[in-house]
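Q: As input, take my_file-v3.cif (mmCIF, C-alpha atoms and all ligand atoms):
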```
data_target
#
loop_
_atom_site.label_atom_id
_atom_site.label_comp_id
_atom_site.auth_asym_id
_atom_site.auth_seq_id
_atom_site.Cartn_x
_atom_site.Cartn_y
_atom_site.Cartn_z
CA MET A 1 0.65 -4.91 -20.40
CA THR A 2 -0.61 -5.51 -16.89
CA ARG A 3 -3.91 -4.05 -15.70
CA ILE A 4 -3.30 -2.30 -12.36
CA GLY A 5 -6.35 -1.18 -10.37
CA ILE A 6 -6.75 0.97 -7.28
CA GLY A 7 -9.86 0.79 -5.12
CA GLN A 8 -10.89 3.93 -3.27
CA ILE A 9 -13.30 3.07 -0.45
CA GLU A 10 -14.85 4.46 2.71
CA PRO A 11 -14.51 1.98 5.57
CA ARG A 12 -16.37 2.65 8.85
CA ILE A 13 -14.55 2.43 12.13
CA MET A 14 -15.41 -0.86 13.91
CA ASP A 15 -18.14 -1.74 11.41
CA ILE A 16 -16.76 -5.07 10.24
CA ASP A 17 -19.93 -6.11 8.37
CA HIS A 18 -20.13 -2.85 6.45
CA ASN A 19 -16.45 -3.05 5.56
CA LEU A 20 -16.82 -6.62 4.32
CA GLN A 21 -19.87 -5.72 2.23
CA GLN A 22 -17.97 -2.79 0.74
CA LEU A 23 -15.08 -5.12 -0.05
CA LYS A 24 -17.41 -7.47 -1.92
CA ASP A 25 -18.72 -4.54 -4.00
CA ILE A 26 -15.26 -3.30 -4.84
CA LEU A 27 -14.02 -6.79 -5.76
CA ARG A 28 -17.04 -7.20 -8.05
CA GLN A 29 -16.09 -3.96 -9.78
CA ALA A 30 -12.49 -5.10 -10.11
CA THR A 31 -13.59 -8.41 -11.62
CA LYS A 32 -15.79 -6.61 -14.15
CA ALA A 33 -12.91 -4.31 -15.08
CA GLU A 34 -10.60 -7.34 -15.52
CA VAL A 35 -8.06 -5.91 -13.11
CA GLU A 36 -5.04 -8.19 -12.64
CA VAL A 37 -3.34 -6.41 -9.73
CA LEU A 38 -5.54 -4.55 -7.24
CA VAL A 39 -4.49 -2.26 -4.38
CA LEU A 40 -6.86 -1.34 -1.54
CA PRO A 41 -6.36 1.16 1.30
CA GLU A 42 -4.74 0.76 4.72
CA LEU A 43 -6.76 -0.76 7.62
CA ALA A 44 -9.60 -1.51 5.21
CA ASN A 45 -11.13 -4.20 7.45
CA SER A 46 -11.42 -2.09 10.59
CA GLY A 47 -11.35 1.62 9.84
CA TYR A 48 -8.62 3.88 11.18
CA ALA A 49 -9.48 6.31 13.98
CA PHE A 50 -9.47 4.07 17.06
CA ASP A 51 -10.26 5.49 20.49
CA THR A 52 -9.16 2.56 22.63
CA MET A 53 -6.98 -0.53 22.48
CA GLU A 54 -10.13 -2.62 22.94
CA GLU A 55 -11.40 -1.28 19.62
CA VAL A 56 -8.18 -2.32 17.91
CA GLU A 57 -8.42 -5.79 19.44
CA GLU A 58 -12.09 -6.28 18.59
CA SER A 59 -11.67 -5.35 14.94
CA ALA A 60 -8.38 -7.16 14.22
CA GLU A 61 -8.13 -10.40 12.31
CA SER A 62 -5.52 -13.01 11.55
CA ILE A 63 -4.00 -13.12 8.07
CA PRO A 64 -4.98 -15.31 6.21
CA LYS A 65 -7.67 -16.86 8.44
CA GLY A 66 -9.82 -13.74 9.04
CA ALA A 67 -13.02 -12.95 7.13
CA TYR A 68 -11.53 -10.04 5.18
CA SER A 69 -8.45 -12.04 4.18
CA LYS A 70 -10.64 -14.94 3.05
CA GLN A 71 -12.53 -12.69 0.63
CA LEU A 72 -9.26 -11.37 -0.74
CA ILE A 73 -7.86 -14.88 -1.20
CA ARG A 74 -11.00 -15.99 -2.99
CA TRP A 75 -10.85 -13.03 -5.38
CA SER A 76 -7.17 -13.61 -6.09
CA ARG A 77 -7.84 -17.02 -7.66
CA ASN A 78 -7.82 -17.09 -11.46
CA GLY A 79 -4.68 -15.11 -12.15
CA ARG A 80 -5.08 -12.10 -9.88
CA MET A 81 -3.15 -10.38 -7.10
CA VAL A 82 -4.52 -8.08 -4.40
CA VAL A 83 -2.81 -6.07 -1.67
CA ALA A 84 -4.94 -4.64 1.14
CA GLY A 85 -4.35 -2.98 4.49
CA ILE A 86 -5.51 -5.09 7.42
CA ASN A 87 -5.64 -4.54 11.18
CA GLU A 88 -3.81 -7.76 12.02
CA LYS A 89 -3.56 -9.79 15.21
CA PHE A 90 -0.39 -11.87 15.22
CA ASP A 91 1.25 -13.59 18.14
CA GLU A 92 -0.67 -11.55 20.75
CA GLN A 93 0.45 -8.33 19.05
CA TYR A 94 -1.38 -5.98 16.71
CA PHE A 95 0.11 -4.75 13.45
CA ASN A 96 -0.93 -2.28 10.78
CA SER A 97 -0.33 -4.77 7.98
CA ALA A 98 -0.72 -5.33 4.27
CA GLY A 99 -1.77 -8.80 3.16
CA ILE A 100 -0.50 -9.76 -0.29
CA PHE A 101 -2.59 -12.47 -1.96
CA ALA A 102 -2.26 -14.07 -5.39
CA GLU A 103 -3.64 -17.13 -7.16
CA GLY A 104 -5.61 -18.12 -4.06
CA ASN A 105 -2.57 -17.98 -1.76
CA LEU A 106 -1.06 -15.67 0.81
CA LEU A 107 2.21 -14.48 -0.78
CA ASP A 108 3.50 -12.31 2.05
CA ILE A 109 2.56 -9.94 4.86
CA TYR A 110 4.14 -6.52 5.30
CA ARG A 111 3.86 -5.04 8.81
CA LYS A 112 4.08 -1.24 8.73
CA VAL A 113 7.48 -0.05 9.87
CA HIS A 114 6.82 3.70 10.30
CA LEU A 115 3.75 4.23 12.47
CA PHE A 116 1.94 7.56 12.12
CA ASN A 117 0.75 9.59 15.10
CA LYS A 118 -1.68 7.63 17.37
CA GLU A 119 -0.96 4.39 15.51
CA LYS A 120 2.02 4.23 17.89
CA GLN A 121 -0.46 3.70 20.75
CA TRP A 122 -2.16 0.79 19.02
CA PHE A 123 0.30 -1.12 16.88
CA SER A 124 3.71 -2.74 17.17
CA PRO A 125 6.09 -1.48 14.48
CA GLY A 126 6.99 -3.99 11.79
CA PRO A 127 10.37 -5.59 12.43
CA ILE A 128 11.65 -6.17 8.89
CA GLU A 129 12.19 -4.41 5.57
CA PRO A 130 9.34 -4.10 3.08
CA PRO A 131 8.81 -7.11 0.80
CA VAL A 132 8.97 -7.63 -2.92
CA VAL A 133 6.79 -10.36 -4.40
CA GLU A 134 6.71 -11.82 -7.88
CA PHE A 135 3.54 -12.07 -9.93
CA LEU A 136 3.01 -12.54 -13.70
CA GLY A 137 6.80 -12.33 -14.10
CA HIS A 138 7.05 -8.88 -12.47
CA LYS A 139 8.36 -7.80 -9.08
CA PHE A 140 6.08 -5.66 -6.94
CA GLY A 141 7.11 -3.92 -3.72
CA VAL A 142 4.75 -3.08 -0.87
CA MET A 143 4.85 -0.29 1.71
CA ILE A 144 2.10 1.40 3.75
CA CYS A 145 1.02 5.04 3.90
CA TRP A 146 3.43 7.07 6.11
CA ASP A 147 6.33 5.00 4.78
CA TRP A 148 6.16 7.55 1.93
CA ALA A 149 8.02 10.04 4.15
CA PHE A 150 11.03 7.74 4.42
CA PRO A 151 12.66 7.56 0.98
CA GLU A 152 14.77 4.66 2.21
CA MET A 153 11.69 2.41 1.96
CA ALA A 154 11.02 3.03 -1.72
CA ARG A 155 14.76 2.82 -2.42
CA ILE A 156 15.00 -0.57 -0.69
CA LEU A 157 12.10 -1.80 -2.83
CA ALA A 158 13.78 -0.53 -6.01
CA LEU A 159 17.07 -2.18 -5.01
CA LYS A 160 15.16 -5.45 -4.51
CA GLY A 161 13.97 -5.17 -8.11
CA ALA A 162 10.42 -3.84 -7.71
CA ARG A 163 9.00 -2.50 -10.95
CA MET A 164 6.03 -1.04 -9.12
CA ILE A 165 5.33 0.00 -5.53
CA LEU A 166 1.88 -0.97 -4.25
CA HIS A 167 0.92 1.41 -1.46
CA PRO A 168 -2.19 1.04 0.72
CA ALA A 169 -2.85 4.35 2.52
CA ASN A 170 -5.19 6.28 4.84
CA LEU A 171 -3.95 9.80 4.17
CA VAL A 172 -4.79 12.72 6.41
CA LEU A 173 -1.99 15.07 5.34
CA LYS A 174 -1.94 16.46 1.81
CA TYR A 175 1.68 15.79 0.85
CA CYS A 176 1.83 12.11 0.01
CA GLN A 177 0.49 12.22 -3.53
CA ARG A 178 3.20 14.70 -4.56
CA ALA A 179 5.86 12.82 -2.61
CA MET A 180 5.00 9.61 -4.45
CA GLU A 181 5.66 11.36 -7.76
CA THR A 182 9.19 11.90 -6.48
CA ARG A 183 9.54 8.37 -5.05
CA ALA A 184 8.65 7.14 -8.56
CA LEU A 185 11.08 9.46 -10.36
CA GLU A 186 14.08 8.97 -8.07
CA ASN A 187 13.74 5.18 -8.23
CA GLY A 188 12.43 4.72 -11.77
CA VAL A 189 9.44 2.71 -10.54
CA PHE A 190 5.69 2.84 -11.10
CA THR A 191 3.61 3.55 -7.99
CA ALA A 192 -0.01 2.81 -7.03
CA THR A 193 -1.37 4.50 -3.90
CA ALA A 194 -4.87 3.41 -2.79
CA ASN A 195 -6.32 5.90 -0.32
CA ARG A 196 -9.68 6.07 1.43
CA ILE A 197 -12.21 8.89 1.73
CA GLY A 198 -14.66 10.12 4.34
CA ASN A 199 -14.52 11.22 7.97
CA GLU A 200 -13.91 9.22 11.10
CA ARG A 201 -14.22 10.92 14.44
CA LYS A 202 -12.02 14.02 14.00
CA LEU A 203 -10.11 12.82 10.95
CA THR A 204 -10.81 13.53 7.28
CA PHE A 205 -9.19 11.34 4.62
CA SER A 206 -8.04 12.89 1.39
CA GLY A 207 -8.86 10.40 -1.40
CA LYS A 208 -7.01 11.21 -4.64
CA SER A 209 -5.75 7.66 -4.96
CA GLN A 210 -3.24 7.67 -7.77
CA ILE A 211 -1.02 5.73 -10.13
CA THR A 212 2.22 7.26 -11.42
CA ASN A 213 4.63 6.24 -14.12
CA THR A 214 8.38 5.91 -13.63
CA LYS A 215 8.95 9.59 -14.39
CA GLY A 216 6.54 10.68 -11.67
CA LYS A 217 3.72 11.56 -14.05
CA VAL A 218 0.26 10.95 -12.56
CA LEU A 219 -1.50 8.51 -14.92
CA LEU A 220 -4.67 8.28 -12.88
CA SER A 221 -6.13 10.16 -9.91
CA ILE A 222 -9.52 9.33 -8.35
CA PRO A 223 -11.50 12.42 -7.24
CA ASP A 224 -11.65 12.76 -3.47
CA GLU A 225 -15.41 12.35 -3.15
CA GLU A 226 -15.63 9.12 -5.20
CA THR A 227 -15.43 5.48 -4.29
CA GLY A 228 -14.74 2.73 -6.80
CA VAL A 229 -12.09 0.99 -8.87
CA SER A 230 -10.03 2.74 -11.54
CA TYR A 231 -7.28 1.14 -13.56
CA VAL A 232 -4.44 1.67 -16.01
CA ASP A 233 -2.71 -0.82 -18.31
CA ILE A 234 1.00 -0.61 -17.65
CA ASP A 235 4.08 -1.89 -19.46
CA LEU A 236 5.97 -2.78 -16.29
CA PRO A 237 9.40 -3.64 -17.82
CA ILE A 238 9.81 0.10 -18.57
CA ALA A 239 10.86 0.28 -14.91
CA ASP A 240 14.03 -1.63 -15.76
CA ARG A 241 15.30 1.46 -17.62
CA LYS A 242 17.11 3.22 -14.81
CA LYS A 243 19.09 5.78 -16.80
CA LEU A 244 17.99 9.41 -16.60
CA THR A 245 20.82 10.49 -18.90
CA LYS A 246 23.26 8.44 -20.98
CA MET A 247 25.71 8.64 -18.09
CA ASN A 248 23.43 8.54 -15.05
CA HIS A 249 21.93 5.36 -13.63
CA LEU A 250 19.54 5.87 -10.70
CA LEU A 251 20.77 2.85 -8.75
CA LYS A 252 24.32 2.25 -9.97
CA ASP A 253 25.39 5.86 -9.37
CA ARG A 254 24.65 5.61 -5.65
CA ARG A 255 27.57 6.17 -3.24
CA PRO A 256 26.92 4.02 -0.17
CA ASP A 257 30.44 4.87 1.05
CA ILE A 258 29.20 8.46 1.54
CA TYR A 259 25.90 7.48 3.17
CA ARG A 260 27.11 5.94 6.45
CA ARG A 261 25.21 8.55 8.44
CA LEU A 262 21.99 7.11 7.05
CA ILE A 263 22.40 3.87 8.95
CA GLU A 264 23.30 5.42 12.31
CA SER A 265 20.42 5.52 14.82
C1 LIG A 301 -0.83 7.20 7.75
O1 LIG A 301 0.26 6.62 7.78
N1 LIG A 301 -1.96 6.54 7.83
C2 LIG A 301 -0.91 8.65 7.60
#
```
Could you take the file, read its structure, and then write that structure out as structure tokens?
A:
Amino acid sequence: MTRIGIGQIEPRIMDIDHNLQQLKDILRQATKAEVEVLVLPELANSGYAFDTMEEVEESAESIPKGAYSKQLIRWSRNGRMVVAGINEKFDEQYFNSAGIFAEGNLLDIYRKVHLFNKEKQWFSPGPIEPPVVEFLGHKFGVMICWDWAFPEMARILALKGARMILHPANLVLKYCQRAMETRALENGVFTATANRIGNERKLTFSGKSQITNTKGKVLLSIPDEETGVSYVDIDLPIADRKKLTKMNHLLKDRRPDIYRRLIES
């Protein structure tokens, strides 16, 4: 069994100190709960609803050198992994990224491929497919928020062997939680979506962070007014069972020869 935790928080736009303090609280809770793999929301270091590019620039950090990343690295020592959304400055560009840290190291960075709404004004889109990392003998895939609307992303992660999709989010629409039940079912993977709550400028975030099993059943859902860490103990190798019937395998039954249209621009 692996203890998977999701942290539901309420970052404040541009309030770096508040966001760092909140991170320390949530990491303390995760330590107390003996969480082994923790997922935190998207853009947790900076908040979400930017008004200007200057705000994006002022609140961005480098991964892994920034203050938020350093806290995450420190927590990840002693047999833990954490994935968190970070407003990242890299190479004079800004990305809506997820830092993936384990055992005191940076394992990988995922830069969000599908930018939502005004994010297109602030961030460069990520240039490569979502990553799968290995931890405690299991493969975990990472994608960010609006990537939920592109089933290709979850499918790529399943094809790369992910047993679970870790999914930092800042949800403003109400469809994602249900969609992730389907992403789980159609790929035979566990999913963990960490969302935020609260209001920023004109946006309201929907909470209801959730963990699903491989059949799309919601194992855990955090009420939308709460912050904190909740967790489930999961038998991750169940995700290797890809048959829905004796004769139907979710990945081997695919027909890429029929799907050419999917890779045309
Ligand atoms: C979103 O991608 N933050 C909706």
Q: Mind listing the residues within 8 Å of ligand LIG 301 (chain A), only C-alpha atoms and all ligand atoms counted, as an mmCIF file with C-alpha atoms, in the coordinates of the input?
A:
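Contents of part_3.cif, as written:
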```cif
data_model
loop_
_atom_site.group_PDB
_atom_site.id
_atom_site.type_symbol
_atom_site.label_atom_id
_atom_site.label_comp_id
_atom_site.auth_asym_id
_atom_site.auth_seq_id
_atom_site.Cartn_x
_atom_site.Cartn_y
_atom_site.Cartn_z
ATOM 1 C CA GLU A 42 -4.740 0.760 4.720
ATOM 2 C CA TYR A 48 -8.620 3.880 11.180
ATOM 3 C CA HIS A 114 6.820 3.700 10.300
ATOM 4 C CA LEU A 115 3.750 4.230 12.470
ATOM 5 C CA PHE A 116 1.940 7.560 12.120
ATOM 6 C CA ASN A 117 0.750 9.590 15.100
ATOM 7 C CA ILE A 144 2.100 1.400 3.750
ATOM 8 C CA CYS A 145 1.020 5.040 3.900
ATOM 9 C CA TRP A 146 3.430 7.070 6.110
ATOM 10 C CA ASP A 147 6.330 5.000 4.780
ATOM 11 C CA ALA A 169 -2.850 4.350 2.520
ATOM 12 C CA ASN A 170 -5.190 6.280 4.840
ATOM 13 C CA LEU A 171 -3.950 9.800 4.170
ATOM 14 C CA VAL A 172 -4.790 12.720 6.410
ATOM 15 C CA LEU A 173 -1.990 15.070 5.340
#
```
Q: Within 6 Å of A:Ser209, counting all atoms listed in the file, which residues show up once you throw out same-chain ones fewer than 6 positions away? Write them as JSON, numbers by chain, please.
A: {"A": [193, 194, 195, 221, 222]}
Q: Dump as JSON lines the rows for residues of stretch 8-41 of chain A within 8 Å of stretch 78-96 of chain A: closest atom pair and distance in Å with one decimal, all atoms listed in the file counted, ordered by chain and rising residue number.
A:
```
{"residue": "A:Val35", "atom": "CA", "partner": "A:Arg80", "partner_atom": "CA", "distance": 7.6}
{"residue": "A:Glu36", "atom": "CA", "partner": "A:Arg80", "partner_atom": "CA", "distance": 4.8}
{"residue": "A:Val37", "atom": "CA", "partner": "A:Met81", "partner_atom": "CA", "distance": 4.8}
{"residue": "A:Leu38", "atom": "CA", "partner": "A:Val82", "partner_atom": "CA", "distance": 4.6}
{"residue": "A:Val39", "atom": "CA", "partner": "A:Val83", "partner_atom": "CA", "distance": 5.0}
{"residue": "A:Leu40", "atom": "CA", "partner": "A:Ala84", "partner_atom": "CA", "distance": 4.7}
{"residue": "A:Pro41", "atom": "CA", "partner": "A:Gly85", "partner_atom": "CA", "distance": 5.6}
```
Q: May I have the residues within 9 Å of A:Asn45 as JSON, numbers by chain, using only C-alpha atoms and disregarding those fewer than 5 positions away in the same chain?
A: {"A": [11, 12, 13, 14, 15, 16, 19, 20, 23, 59, 60, 61, 67, 68, 69, 84, 85, 86, 87]}
Q: Go through A:Ala162, A:Thr212, A:Pro168, A:Gly198 and flag the residue nearest A:Ala184, using only C-alpha atoms for the distances.
A: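 Closest residue, counting only C-alpha atoms: A:Thr212.
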Q: Excluding A:Val132 and any residue of its chain fewer than 6 positions from it, enumerate the residues within 8 Å of it, using only C-alpha atoms, and give them as a PyMOL selection string.
A: chain A and resi 139-142+157+160-162
Q: Generate a file of the selected residues that holds C-alpha atoms, formatted as a compact mmCIF listing (two decimals), keeping the file's coordinate frame.
A:
```txt
# COMPACT_ATOMS: atom_id res chain seq x y z
CA LYS A 139 8.36 -7.80 -9.08
CA PHE A 140 6.08 -5.66 -6.94
CA GLY A 141 7.11 -3.92 -3.72
CA VAL A 142 4.75 -3.08 -0.87
CA LEU A 157 12.10 -1.80 -2.83
CA LYS A 160 15.16 -5.45 -4.51
CA GLY A 161 13.97 -5.17 -8.11
CA ALA A 162 10.42 -3.84 -7.71
```
Q: Would you compute the distance between atom CA of A:Ile211 and atom CA of A:Ala192? Give it in Å to one decimal.
A: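 That distance, rounded to one decimal, is 4.4 Å.
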Q: Could you name the residues that touch A:Met153 at 8 Å or less, counting only C-alpha atoms, but leaving out those on the same chain fewer than 3 positions away, as number ranges by chain?
A: A: 129-130, 143, 147-148, 150, 156-157
Q: What is the distance, in Å and to one decimal place, between atom CA of A:Ala33 and atom CA of A:Val232?
A: 10.4 Å
Q: What is the distance between atom CA of A:Glu57 and atom CA of A:Arg201, in Å to one decimal?
A: 18.4 Å
Q: Give me the stretch 65-182 of chain A side of the contact with stretch 238-259 of chain A, cut-off 9 Å, one line per residue showing its nearest atom pair and distance in Å at one decimal, counting only C-alpha atoms, sorted by chain and residue number, as a tab-separated table.
A:
```
residue	atom	partner	partner_atom	distance
A:Arg155	CA	A:Leu251	CA	8.7
A:Ala158	CA	A:Leu251	CA	8.2
A:Leu159	CA	A:Leu251	CA	7.3
A:Gly161	CA	A:Asp240	CA	8.4
A:Ala162	CA	A:Ala239	CA	8.3
A:Arg163	CA	A:Ala239	CA	5.2
A:Met164	CA	A:Ala239	CA	7.7
```
Q: Which is closer to A:Ala149 than all the others in A:Arg183, A:His167, A:Arg196, A:Arg77, using all atoms listed in the file?
A: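 Going through A:Arg183, A:His167, A:Arg196, A:Arg77 one by one, the smallest distance to A:Ala149 is for A:Arg183.
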Q: Considering all atoms listed in the file, return as a list in words whatever protein or nucleic-acid residues lie within 10 Å of A:Lys174, sequence-local ones (same chain, fewer than 3 positions apart) excluded.
A: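 Once the adjacent positions are removed, what remains is Leu171, Gln177, Arg178, Ala179, Phe205, Ser206, Gly207 and Lys208 of chain A.
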Q: Which residue out of A:Ala154, A:Val189, A:Ile4, A:Ile165 has the minimum interatomic distance to A:Glu34 when all atoms listed in the file are used?
A: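 Closest candidate: A:Ile4.
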Q: Using all atoms listed in the file, can you list as a list in words the residues within 9 Å of (-8.6, -17.7, -0.9)?
A: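 The requested residues, written out, are Pro64, Ser69, Lys70, Gln71, Leu72, Ile73, Arg74, Trp75, Ser76, Arg77, Phe101, Ala102, Glu103, Gly104, Asn105 and Leu106 of chain A.
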Q: Between A:Tyr110, A:Leu185, A:Ile128, A:Gly7, single out the one closest to A:Ala30, counting only C-alpha atoms.
A: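 Using only C-alpha atoms, the shortest distance to A:Ala30 belongs to A:Gly7.
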Q: Give the answer as one residue: which of A:Arg261, A:Arg111, A:His138, A:Arg28 has the shortest atom-to-atom distance to A:Gly126, using all atoms listed in the file?
A: A:Arg111
Q: Just checking: using only C-alpha atoms, which residue out of A:Asn213, A:Ser97, A:Leu203, A:Val218 ends up closest to A:Asp235?
A: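 Among A:Asn213, A:Ser97, A:Leu203, A:Val218, it is A:Asn213 that comes nearest to A:Asp235.
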